[in-house]
Every structure is written in structure tokens, then in C-alpha cells.
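With compact mmCIF, C-alpha atoms and all ligand atoms inside, this is target_27.txt:
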```txt
# COMPACT_ATOMS: atom_id res chain seq x y z
CA MET G 17 -19.57 -15.05 10.58
CA SER G 18 -15.95 -15.59 9.77
CA ALA G 19 -12.76 -14.14 11.14
CA VAL G 20 -12.31 -12.34 7.83
CA HIS G 21 -15.53 -10.44 8.36
CA ALA G 22 -14.63 -9.23 11.79
CA ALA G 23 -11.11 -8.32 10.80
CA ARG G 24 -12.27 -6.24 7.87
CA ALA G 25 -14.90 -4.51 9.92
CA GLY G 26 -12.38 -3.76 12.62
CA GLN G 27 -9.94 -2.36 10.11
CA ALA G 28 -12.42 0.24 8.92
CA LEU G 29 -13.40 1.28 12.42
CA GLN G 30 -9.89 1.55 13.73
CA SER G 31 -8.97 3.83 10.87
CA TRP G 32 -11.63 6.38 11.72
CA ARG G 33 -9.78 8.33 14.38
CA ILE G 34 -12.38 10.93 15.08
CA GLY G 35 -9.71 13.39 16.09
CA LEU G 36 -10.20 13.45 19.81
CA SER G 37 -7.46 14.90 21.92
CA ALA G 38 -6.92 11.51 23.54
CA PRO G 39 -6.82 9.07 20.64
CA SER G 40 -5.92 6.11 22.81
CA ARG G 41 -9.15 6.56 24.68
CA ALA G 42 -11.13 6.54 21.46
CA THR G 43 -9.35 3.40 20.33
CA SER G 44 -9.94 1.50 23.51
CA ARG G 45 -13.58 2.47 23.57
CA SER G 46 -14.05 1.27 20.03
CA PHE G 47 -14.12 -2.27 21.28
CA GLY G 48 -15.55 -1.68 24.72
CA THR G 49 -18.38 -3.62 26.23
CA TRP G 50 -21.84 -2.42 27.16
CA THR G 51 -21.28 -1.97 30.83
CA HIS G 52 -23.15 1.32 30.92
CA MET G 53 -25.78 0.89 28.28
CA ALA G 54 -28.01 3.69 29.48
CA TYR G 55 -25.35 6.24 28.70
CA GLU G 56 -23.41 4.36 26.08
CA PRO G 57 -25.45 4.08 22.90
CA MET G 58 -25.07 0.66 21.39
CA ASN G 59 -23.35 0.61 18.03
CA TYR G 60 -23.25 -2.68 16.28
CA MET G 61 -21.51 -3.63 13.07
CA THR G 62 -22.00 -7.00 11.50
CA VAL G 63 -21.78 -8.91 8.25
CA THR G 64 -24.86 -10.80 7.19
CA ASP G 65 -25.97 -13.05 4.37
CA ASP G 66 -28.18 -11.86 1.54
CA ALA G 67 -31.30 -12.94 3.44
CA CYS G 68 -30.42 -10.80 6.51
CA SER G 69 -30.78 -13.96 8.59
CA ASP G 70 -27.62 -13.58 10.68
CA PRO G 71 -27.84 -12.50 14.32
CA GLY G 72 -27.55 -8.77 14.86
CA VAL G 73 -29.99 -7.67 12.16
CA PRO G 74 -32.69 -5.36 13.59
CA ALA G 75 -36.21 -6.74 13.22
CA ASP G 76 -37.28 -4.02 10.81
CA LEU G 77 -34.49 -4.96 8.40
CA ALA G 78 -34.93 -8.72 8.61
CA GLY G 79 -37.17 -11.19 6.81
CA PRO G 80 -39.37 -9.58 4.15
CA ASN G 81 -37.80 -6.19 4.94
CA CYS G 82 -34.28 -7.38 4.12
CA PRO G 83 -32.86 -4.78 1.72
CA PHE G 84 -30.38 -7.27 0.23
CA ALA G 85 -32.96 -9.79 -0.95
CA ILE G 86 -34.19 -10.18 -4.50
CA GLN G 87 -37.28 -8.03 -4.83
CA GLY G 88 -39.71 -8.34 -7.69
CA GLY G 89 -37.31 -10.67 -9.47
CA VAL G 90 -34.58 -8.02 -9.52
CA PRO G 91 -31.38 -8.48 -7.51
CA SER G 92 -30.96 -5.72 -4.95
CA GLU G 93 -28.12 -3.28 -5.58
CA ILE G 94 -27.88 -2.47 -1.88
CA ILE G 95 -24.67 -3.61 -0.25
CA GLY G 96 -25.07 -2.12 3.20
CA VAL G 97 -27.33 -0.28 5.58
CA CYS G 98 -26.55 2.18 8.33
CA GLN G 99 -29.47 2.49 10.71
CA VAL G 100 -29.52 5.33 13.21
CA ARG G 101 -32.25 5.58 15.82
CA GLU G 102 -32.47 9.05 17.27
CA TYR G 103 -34.58 10.43 20.09
CA ARG G 104 -36.70 13.27 18.79
CA GLY G 105 -36.35 16.41 20.78
CA SER G 106 -33.06 15.66 22.51
CA ALA G 107 -31.23 14.93 19.21
CA GLU G 108 -29.42 12.08 20.97
CA ILE G 109 -28.68 8.89 19.09
CA ALA G 110 -30.18 5.88 20.86
CA ASP G 111 -28.27 3.28 18.87
CA THR G 112 -26.90 2.47 15.44
CA THR G 113 -26.50 -0.68 13.39
CA LEU G 114 -24.23 -1.10 10.38
CA LEU G 115 -25.06 -4.09 8.22
CA VAL G 116 -22.55 -5.27 5.65
CA ARG G 117 -23.63 -7.59 2.87
CA ALA G 118 -21.53 -10.76 2.97
CA SER G 119 -21.51 -11.35 -0.78
CA TYR G 120 -20.07 -7.87 -1.27
CA GLN G 121 -17.63 -8.04 1.61
CA ASP G 122 -16.34 -11.41 0.39
CA ASP G 123 -16.02 -10.37 -3.26
CA PRO G 124 -12.28 -10.51 -4.09
CA GLY G 125 -12.90 -8.28 -7.12
CA ILE G 126 -13.63 -5.28 -4.91
CA SER G 127 -10.64 -3.57 -3.39
CA ALA G 128 -10.11 -3.27 0.34
CA ALA G 129 -9.72 0.50 -0.18
CA LEU G 130 -13.18 0.77 -1.70
CA LYS G 131 -14.72 -1.26 1.10
CA GLN G 132 -12.96 0.92 3.64
CA ALA G 133 -14.14 4.10 1.92
CA ILE G 134 -17.73 2.93 2.12
CA TRP G 135 -17.70 1.72 5.71
CA THR G 136 -15.84 4.67 7.15
CA HIS G 137 -18.38 6.96 5.47
CA GLU G 138 -21.16 4.96 7.10
CA VAL G 139 -19.47 5.18 10.49
CA GLY G 140 -19.66 8.95 9.96
CA HIS G 141 -23.44 8.63 9.67
CA CYS G 142 -23.44 6.64 12.90
CA LEU G 143 -21.71 9.58 14.59
CA GLY G 144 -24.56 11.82 13.45
CA MET G 145 -22.84 13.39 10.47
CA GLN G 146 -24.77 14.50 7.42
CA HIS G 147 -23.52 14.60 3.86
CA ALA G 148 -20.88 17.18 3.07
CA SER G 149 -21.37 19.53 0.15
CA GLN G 150 -17.72 19.62 -0.87
CA ALA G 151 -15.48 16.95 -2.35
CA GLY G 152 -12.54 15.95 -0.19
CA ASN G 153 -14.77 15.17 2.76
CA LEU G 154 -15.37 11.61 3.89
CA MET G 155 -19.09 12.46 4.02
CA TYR G 156 -19.20 13.75 0.44
CA PRO G 157 -21.94 11.55 -0.97
CA TYR G 158 -20.24 10.67 -4.22
CA LEU G 159 -17.84 7.87 -3.55
CA SER G 160 -14.23 8.64 -4.21
CA LEU G 161 -11.35 6.30 -3.57
CA ALA G 162 -9.31 9.31 -2.55
CA THR G 163 -11.50 9.84 0.49
CA THR G 164 -11.05 7.11 3.05
CA GLU G 165 -10.31 9.36 6.02
CA PRO G 166 -12.20 12.29 7.55
CA SER G 167 -11.15 15.76 6.43
CA PRO G 168 -9.71 18.38 8.82
CA GLY G 169 -13.11 20.08 8.93
CA GLU G 170 -14.84 16.82 9.76
CA LEU G 171 -12.34 16.10 12.51
CA GLN G 172 -12.92 19.57 13.92
CA ALA G 173 -16.67 19.01 13.85
CA ALA G 174 -16.29 15.62 15.55
CA ASN G 175 -14.20 17.25 18.25
CA ALA G 176 -16.86 19.91 18.74
CA ALA G 177 -19.54 17.24 19.04
CA TYR G 178 -17.72 14.78 21.29
CA PHE G 179 -15.02 16.49 23.26
CA PRO G 180 -15.41 17.31 26.06
CA VAL G 181 -17.82 14.41 26.20
CA ALA G 182 -21.47 15.47 25.93
CA GLN G 183 -20.66 18.99 27.08
CA ALA G 184 -19.76 20.74 23.87
CA PRO G 185 -22.04 23.58 22.88
CA ASP G 186 -23.57 23.43 19.46
CA THR G 187 -21.28 25.26 17.14
CA ALA G 188 -21.31 26.60 13.62
CA ILE G 189 -19.05 23.80 12.48
CA GLY G 190 -21.41 21.29 14.07
CA ALA G 191 -24.28 22.75 12.07
CA GLU G 192 -22.21 22.42 8.91
CA TYR G 193 -21.26 18.78 9.34
CA TYR G 194 -23.89 17.25 11.61
CA LEU G 195 -27.55 16.45 11.15
CA GLN G 196 -29.57 19.01 13.03
CA GLU G 197 -32.73 18.67 14.99
CA SER G 198 -34.33 21.69 16.66
CA GLY G 199 -31.05 23.56 16.35
CA ALA G 200 -28.95 20.84 17.99
CA SER G 201 -26.45 18.47 16.42
CA VAL G 202 -27.65 14.88 16.28
CA ARG G 203 -25.01 12.92 18.18
CA GLN G 204 -24.40 10.17 20.64
CA PHE G 205 -24.39 10.80 24.36
CA GLN G 206 -20.68 10.22 24.58
CA ILE G 207 -17.74 9.14 22.47
CA PRO G 208 -19.16 6.35 20.36
CA SER G 209 -17.96 2.82 20.68
CA PHE G 210 -18.59 0.06 18.17
CA HIS G 211 -19.09 -3.55 18.89
CA THR G 212 -18.30 -6.24 16.36
CA PRO G 213 -19.27 -9.82 17.12
CA PRO G 214 -16.41 -11.74 18.72
CA VAL G 215 -14.94 -14.48 16.59
CA THR G 216 -13.60 -17.62 18.10
CA GLY G 217 -13.00 -19.45 14.85
CA SER G 218 -12.82 -22.88 16.40
CA ASN G 219 -16.08 -22.42 18.24
CA PRO G 220 -18.71 -20.94 15.94
CA ALA G 221 -21.58 -22.20 18.12
CA SER G 222 -20.58 -20.02 21.06
CA THR G 223 -19.98 -17.08 18.73
CA ARG G 224 -23.47 -17.43 17.39
CA ALA G 225 -24.95 -17.67 20.87
CA LEU G 226 -23.23 -14.45 21.87
CA ALA G 227 -24.44 -12.69 18.73
CA GLU G 228 -27.97 -13.85 19.46
CA ALA G 229 -27.71 -12.34 22.92
CA HIS G 230 -26.78 -9.08 21.23
CA GLN G 231 -29.83 -9.44 19.01
CA GLU G 232 -32.03 -9.33 22.07
CA LEU G 233 -30.33 -6.16 23.25
CA LEU G 234 -30.78 -4.61 19.81
CA SER G 235 -34.51 -5.25 20.00
CA ARG G 236 -34.98 -3.52 23.31
CA PRO G 237 -37.79 -0.97 23.38
CA LEU G 238 -36.88 2.69 23.46
CA ASN G 239 -38.74 5.17 25.59
CA GLY G 240 -39.81 8.33 23.85
CA GLU G 241 -40.35 9.29 20.25
CA VAL G 242 -37.72 7.96 17.93
CA THR G 243 -36.76 8.80 14.38
CA ILE G 244 -35.27 5.90 12.43
CA ILE G 245 -32.86 6.88 9.68
CA ASN G 246 -31.75 4.16 7.27
CA GLN G 247 -28.94 4.95 4.87
CA MET G 248 -29.10 2.35 2.09
CA ILE G 249 -25.78 2.06 0.28
CA ARG G 250 -25.74 0.75 -3.29
CA ARG G 251 -23.05 -1.10 -5.14
CA ASP G 252 -22.27 2.00 -7.22
CA GLY G 253 -21.69 4.04 -4.04
CA ARG G 254 -24.93 5.98 -4.24
CA GLU G 255 -27.13 6.12 -1.16
CA GLN G 256 -30.78 6.46 -0.43
CA THR G 257 -32.06 7.77 2.87
CA VAL G 258 -35.23 6.27 4.25
CA VAL G 259 -36.63 8.02 7.31
CA ARG G 260 -39.45 6.88 9.53
CA ILE G 261 -40.83 8.29 12.73
CA GLU G 262 -41.46 5.23 14.87
CA GLY G 263 -44.98 4.00 14.15
CA GLY G 264 -45.34 6.22 11.08
CA PRO G 265 -44.82 5.77 7.33
CA PHE G 266 -41.45 5.67 5.60
CA GLU G 267 -40.29 8.73 3.73
CA GLN G 268 -37.78 8.10 0.98
CA SER G 269 -35.29 10.61 -0.34
CA PRO G 270 -34.06 10.75 -3.94
CA LEU G 271 -30.93 8.77 -4.76
CA LEU G 272 -27.70 10.65 -4.26
ZN ZN V 1 -23.88 8.81 3.21
```
Let's see the structure in the file written out as C-alpha cells.
Ligand SMILES: [Zn+2]
Amino acid sequence: MSAVHAARAGQALQSWRIGLSAPSRATSRSFGTWTHMAYEPMNYMTVTDDACSDPGVPADLAGPNCPFAIQGGVPSEIIGVCQVREYRGSAEIADTTLLVRASYQDDPGISAALKQAIWTHEVGHCLGMQHASQAGNLMYPYLSLATTEPSPGELQAANAAYFPVAQAPDTAIGAEYYLQESGASVRQFQIPSFHTPPVTGSNPASTRALAEAHQELLSRPLNGEVTIINQMIRRDGREQTVVRIEGGPFEQSPLL
């Protein structure tokens, strides 16, 4: 993990601005700590090598399940994964993990704007947003360099979902922009915060130790039935959604 990784990840997150009435609050929470884990879903964003061996990778995306590894002799086209774990029934997001492929993130031939467009879109998935049907939206599934910020409609939907915190009724605009389960918008319990691994630069050993502590938190068991949604992002910007009810088989969507 290098300082470059963390800085780039932070840049994308800080740019999201989910349109809350108190933007400073959203900003400060973006880098908050997990002092109230029970009510503050853990969101973790990290850069990992092509073997998914860095700390912070969930167990079901590590080792032989690493989506970045060469499979069947063919190099994987996947450059990132957004994993959302959602409680079935309550439609609340338990936690999310955004994995960024280091060889992509470090590639100087790919513009910062393109990287930002991809990661801000994925942050939208971590908020509970589904794909938008119209161009001009950040969540439009066909990557466009012109779309690196949420649209007015997406901001309005984020406001409806997250402000006032965890009290907003489900609205028509929520149904348009958010994943739905049993008539409710899939969302986090409160305004989401993201954690990126701290970087000390001169002390990589302590950085790694801290990241490994996070790994343990990421592996904590969840009570209740959970749906795991993996958005696999490819180099060409297309995504594939892989959904699994915990303990059940994977269901794979067509490529978008
Ligand atoms: Zn997407």
C-alpha cells in the first residue's frame, strides 16, 4: 500500500458529495473511525495486488476466488469489485468493500478522470444505488468521461435516502435510483462513511498491522440472512453483477 493509492482513493471519495444539507458533516464522516460499528456500517476501500493478497480483501474474494487473477490461462479483465452485503428483509446494508486493482490504479496510461469516474460510480453502489436508465447519471452503466459527479436526480435521491438520517420515508425518487427490496430502498443505516487504510509512508509495518486488524473486522459474522452483491468492473467499463444469498449459489447477470 503506497501513499499514492490512498491519495487517489481519497480523491474519489471526497468528490462524491452526496448532496446532504450539511456537507461538512458528510466530509468529516468520510474518514471517521468505527466507534459505533453496530450502527455505522463499515465501508472499506483498498488497493490490492493482482493476487488479492493485501489486507482488507474479504475472504470470499481472496485466494482462488480473486477476480483479478489469471483464470484458465486468460488474464482477468476485472479491475475492481464493489461488494455490498445487505440484510434481507430490512434492506439495510451491513457493510461494503471496494477493491481497486493495483496494476490498474498504478497504470500511468489511464487518466485520473477515468479512474475517478469508475470509483465514484462504485461508491454509488455502496450507497445502495442501482443503475440509472438515462445517460448523464453517474450510475448510468455505460462509462462516460463526462459523468464523474452525481446528477441532480441522484443527489435528490441520496438526500431522500440519507437525510434526515435513517428516518426518510421511501419515496418515488428512491425507487427510481435505489435498489429495492420488499418495497424499501436498500441503504445504509446512516450517512455512509468510508475508511481507507492509513498510510504512514516511513512505517509500512505498522500500516500493514492496522490493515490486518481491519481484515478481522471485515470477517466478522453477520446475524440474519444476508444477500451479497458483487459488482465486477471490467477494464472497458462494463460491469457484471454477481449475487449470492449467503450459503447459496451465485447468480450471475449478463454483462452491461
Ligand atoms: Zn455499476
message: For a quick check of understanding, using all atoms listed in the file, which of G:Arg117, G:His137, G:Arg250, G:Arg101 has the smallest distance to ligand ZN 1 (chain V)?
response: G:His137
- request: Would you kindly return, as a VMD selection string, each protein, DNA or RNA residue with an atom no farther than 12 Å from any atom of Cys142 of chain G, considering only C-alpha atoms and excluding same-chain residues fewer than 5 positions away?
  value: chain G and resid 29 32 57 to 61 97 to 102 108 to 115 135 to 137 155 174 194 to 195 202 to 204 207 to 210 244 to 247
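Proximity of G:Pro157, G:Gly105, G:Gly152, G:Pro74 to Thr257 of chain G, computed with all atoms listed in the file, is greatest for G:Pro157.
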Around all the atoms of segment 138-145 of chain G listed in the file, draw an axis-aligned box and extend it by 6 Å on each of the six sides; I want its centre and edge lengths in Å to one decimal, as JSON.
```
{"center_x": -22.0, "center_y": 9.2, "center_z": 10.8, "size_x": 17.1, "size_y": 20.4, "size_z": 19.5}
```
field: Residue with smallest distance to ligand ZN 1 (chain V) - pool G:Ser149, G:Thr243, G:Ser198, G:Thr62, counting all atoms listed in the file
entry: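 Nearest to ligand ZN 1 (chain V): G:Ser149.
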Hey, could you patch up segment 131-156 of chain G with N, CA and C atoms and hand it over as a PDB file, in the frame of the given file?
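The resulting file, selection-v4.pdb, is reproduced below:
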```
ATOM      1  N   LYS G 131     -13.899  -0.829  -0.040  1.00  0.00           N
ATOM      2  CA  LYS G 131     -14.720  -1.260   1.100  1.00  0.00           C
ATOM      3  C   LYS G 131     -14.494  -0.323   2.281  1.00  0.00           C
ATOM      4  N   GLN G 132     -13.249   0.045   2.497  1.00  0.00           N
ATOM      5  CA  GLN G 132     -12.960   0.920   3.640  1.00  0.00           C
ATOM      6  C   GLN G 132     -13.595   2.290   3.437  1.00  0.00           C
ATOM      7  N   ALA G 133     -13.552   2.793   2.194  1.00  0.00           N
ATOM      8  CA  ALA G 133     -14.140   4.100   1.920  1.00  0.00           C
ATOM      9  C   ALA G 133     -15.632   4.091   2.242  1.00  0.00           C
ATOM     10  N   ILE G 134     -16.294   3.017   1.878  1.00  0.00           N
ATOM     11  CA  ILE G 134     -17.730   2.930   2.120  1.00  0.00           C
ATOM     12  C   ILE G 134     -18.032   2.833   3.608  1.00  0.00           C
ATOM     13  N   TRP G 135     -17.303   1.957   4.307  1.00  0.00           N
ATOM     14  CA  TRP G 135     -17.700   1.720   5.710  1.00  0.00           C
ATOM     15  C   TRP G 135     -17.286   2.876   6.611  1.00  0.00           C
ATOM     16  N   THR G 136     -16.191   3.530   6.310  1.00  0.00           N
ATOM     17  CA  THR G 136     -15.840   4.670   7.150  1.00  0.00           C
ATOM     18  C   THR G 136     -16.842   5.809   6.954  1.00  0.00           C
ATOM     19  N   HIS G 137     -17.313   5.972   5.725  1.00  0.00           N
ATOM     20  CA  HIS G 137     -18.380   6.960   5.470  1.00  0.00           C
ATOM     21  C   HIS G 137     -19.609   6.616   6.314  1.00  0.00           C
ATOM     22  N   GLU G 138     -19.954   5.359   6.351  1.00  0.00           N
ATOM     23  CA  GLU G 138     -21.160   4.960   7.100  1.00  0.00           C
ATOM     24  C   GLU G 138     -20.960   5.141   8.599  1.00  0.00           C
ATOM     25  N   VAL G 139     -19.753   4.911   9.071  1.00  0.00           N
ATOM     26  CA  VAL G 139     -19.470   5.180  10.490  1.00  0.00           C
ATOM     27  C   VAL G 139     -19.721   6.664  10.770  1.00  0.00           C
ATOM     28  N   GLY G 140     -19.379   7.525   9.799  1.00  0.00           N
ATOM     29  CA  GLY G 140     -19.660   8.950   9.960  1.00  0.00           C
ATOM     30  C   GLY G 140     -21.146   9.203  10.187  1.00  0.00           C
ATOM     31  N   HIS G 141     -21.996   8.489   9.443  1.00  0.00           N
ATOM     32  CA  HIS G 141     -23.440   8.630   9.670  1.00  0.00           C
ATOM     33  C   HIS G 141     -23.798   8.187  11.084  1.00  0.00           C
ATOM     34  N   CYS G 142     -23.149   7.133  11.551  1.00  0.00           N
ATOM     35  CA  CYS G 142     -23.440   6.640  12.900  1.00  0.00           C
ATOM     36  C   CYS G 142     -23.028   7.646  13.972  1.00  0.00           C
ATOM     37  N   LEU G 143     -22.097   8.520  13.648  1.00  0.00           N
ATOM     38  CA  LEU G 143     -21.710   9.580  14.590  1.00  0.00           C
ATOM     39  C   LEU G 143     -22.730  10.708  14.596  1.00  0.00           C
ATOM     40  N   GLY G 144     -23.577  10.753  13.578  1.00  0.00           N
ATOM     41  CA  GLY G 144     -24.560  11.820  13.450  1.00  0.00           C
ATOM     42  C   GLY G 144     -24.253  12.782  12.317  1.00  0.00           C
ATOM     43  N   MET G 145     -23.234  12.470  11.537  1.00  0.00           N
ATOM     44  CA  MET G 145     -22.840  13.390  10.470  1.00  0.00           C
ATOM     45  C   MET G 145     -23.801  13.324   9.290  1.00  0.00           C
ATOM     46  N   GLN G 146     -23.976  14.454   8.641  1.00  0.00           N
ATOM     47  CA  GLN G 146     -24.770  14.500   7.420  1.00  0.00           C
ATOM     48  C   GLN G 146     -23.809  14.557   6.231  1.00  0.00           C
ATOM     49  N   HIS G 147     -24.376  14.544   5.036  1.00  0.00           N
ATOM     50  CA  HIS G 147     -23.520  14.600   3.860  1.00  0.00           C
ATOM     51  C   HIS G 147     -22.867  15.971   3.717  1.00  0.00           C
ATOM     52  N   ALA G 148     -21.628  15.943   3.296  1.00  0.00           N
ATOM     53  CA  ALA G 148     -20.880  17.180   3.070  1.00  0.00           C
ATOM     54  C   ALA G 148     -21.126  17.653   1.646  1.00  0.00           C
ATOM     55  N   SER G 149     -21.087  18.966   1.475  1.00  0.00           N
ATOM     56  CA  SER G 149     -21.370  19.530   0.150  1.00  0.00           C
ATOM     57  C   SER G 149     -20.124  19.597  -0.717  1.00  0.00           C
ATOM     58  N   GLN G 150     -18.957  19.448  -0.110  1.00  0.00           N
ATOM     59  CA  GLN G 150     -17.720  19.620  -0.870  1.00  0.00           C
ATOM     60  C   GLN G 150     -16.923  18.331  -0.971  1.00  0.00           C
ATOM     61  N   ALA G 151     -16.358  18.094  -2.155  1.00  0.00           N
ATOM     62  CA  ALA G 151     -15.480  16.950  -2.350  1.00  0.00           C
ATOM     63  C   ALA G 151     -14.271  17.075  -1.426  1.00  0.00           C
ATOM     64  N   GLY G 152     -13.673  15.949  -1.106  1.00  0.00           N
ATOM     65  CA  GLY G 152     -12.540  15.950  -0.190  1.00  0.00           C
ATOM     66  C   GLY G 152     -12.949  15.591   1.227  1.00  0.00           C
ATOM     67  N   ASN G 153     -14.252  15.605   1.469  1.00  0.00           N
ATOM     68  CA  ASN G 153     -14.770  15.170   2.760  1.00  0.00           C
ATOM     69  C   ASN G 153     -15.157  13.697   2.684  1.00  0.00           C
ATOM     70  N   LEU G 154     -14.933  13.013   3.797  1.00  0.00           N
ATOM     71  CA  LEU G 154     -15.370  11.610   3.890  1.00  0.00           C
ATOM     72  C   LEU G 154     -16.871  11.504   3.667  1.00  0.00           C
ATOM     73  N   MET G 155     -17.634  12.514   4.103  1.00  0.00           N
ATOM     74  CA  MET G 155     -19.090  12.460   4.020  1.00  0.00           C
ATOM     75  C   MET G 155     -19.623  13.048   2.707  1.00  0.00           C
ATOM     76  N   TYR G 156     -18.736  13.365   1.781  1.00  0.00           N
ATOM     77  CA  TYR G 156     -19.200  13.750   0.440  1.00  0.00           C
ATOM     78  C   TYR G 156     -19.919  12.535  -0.147  1.00  0.00           C
TER      79      TYR G 156
END
```
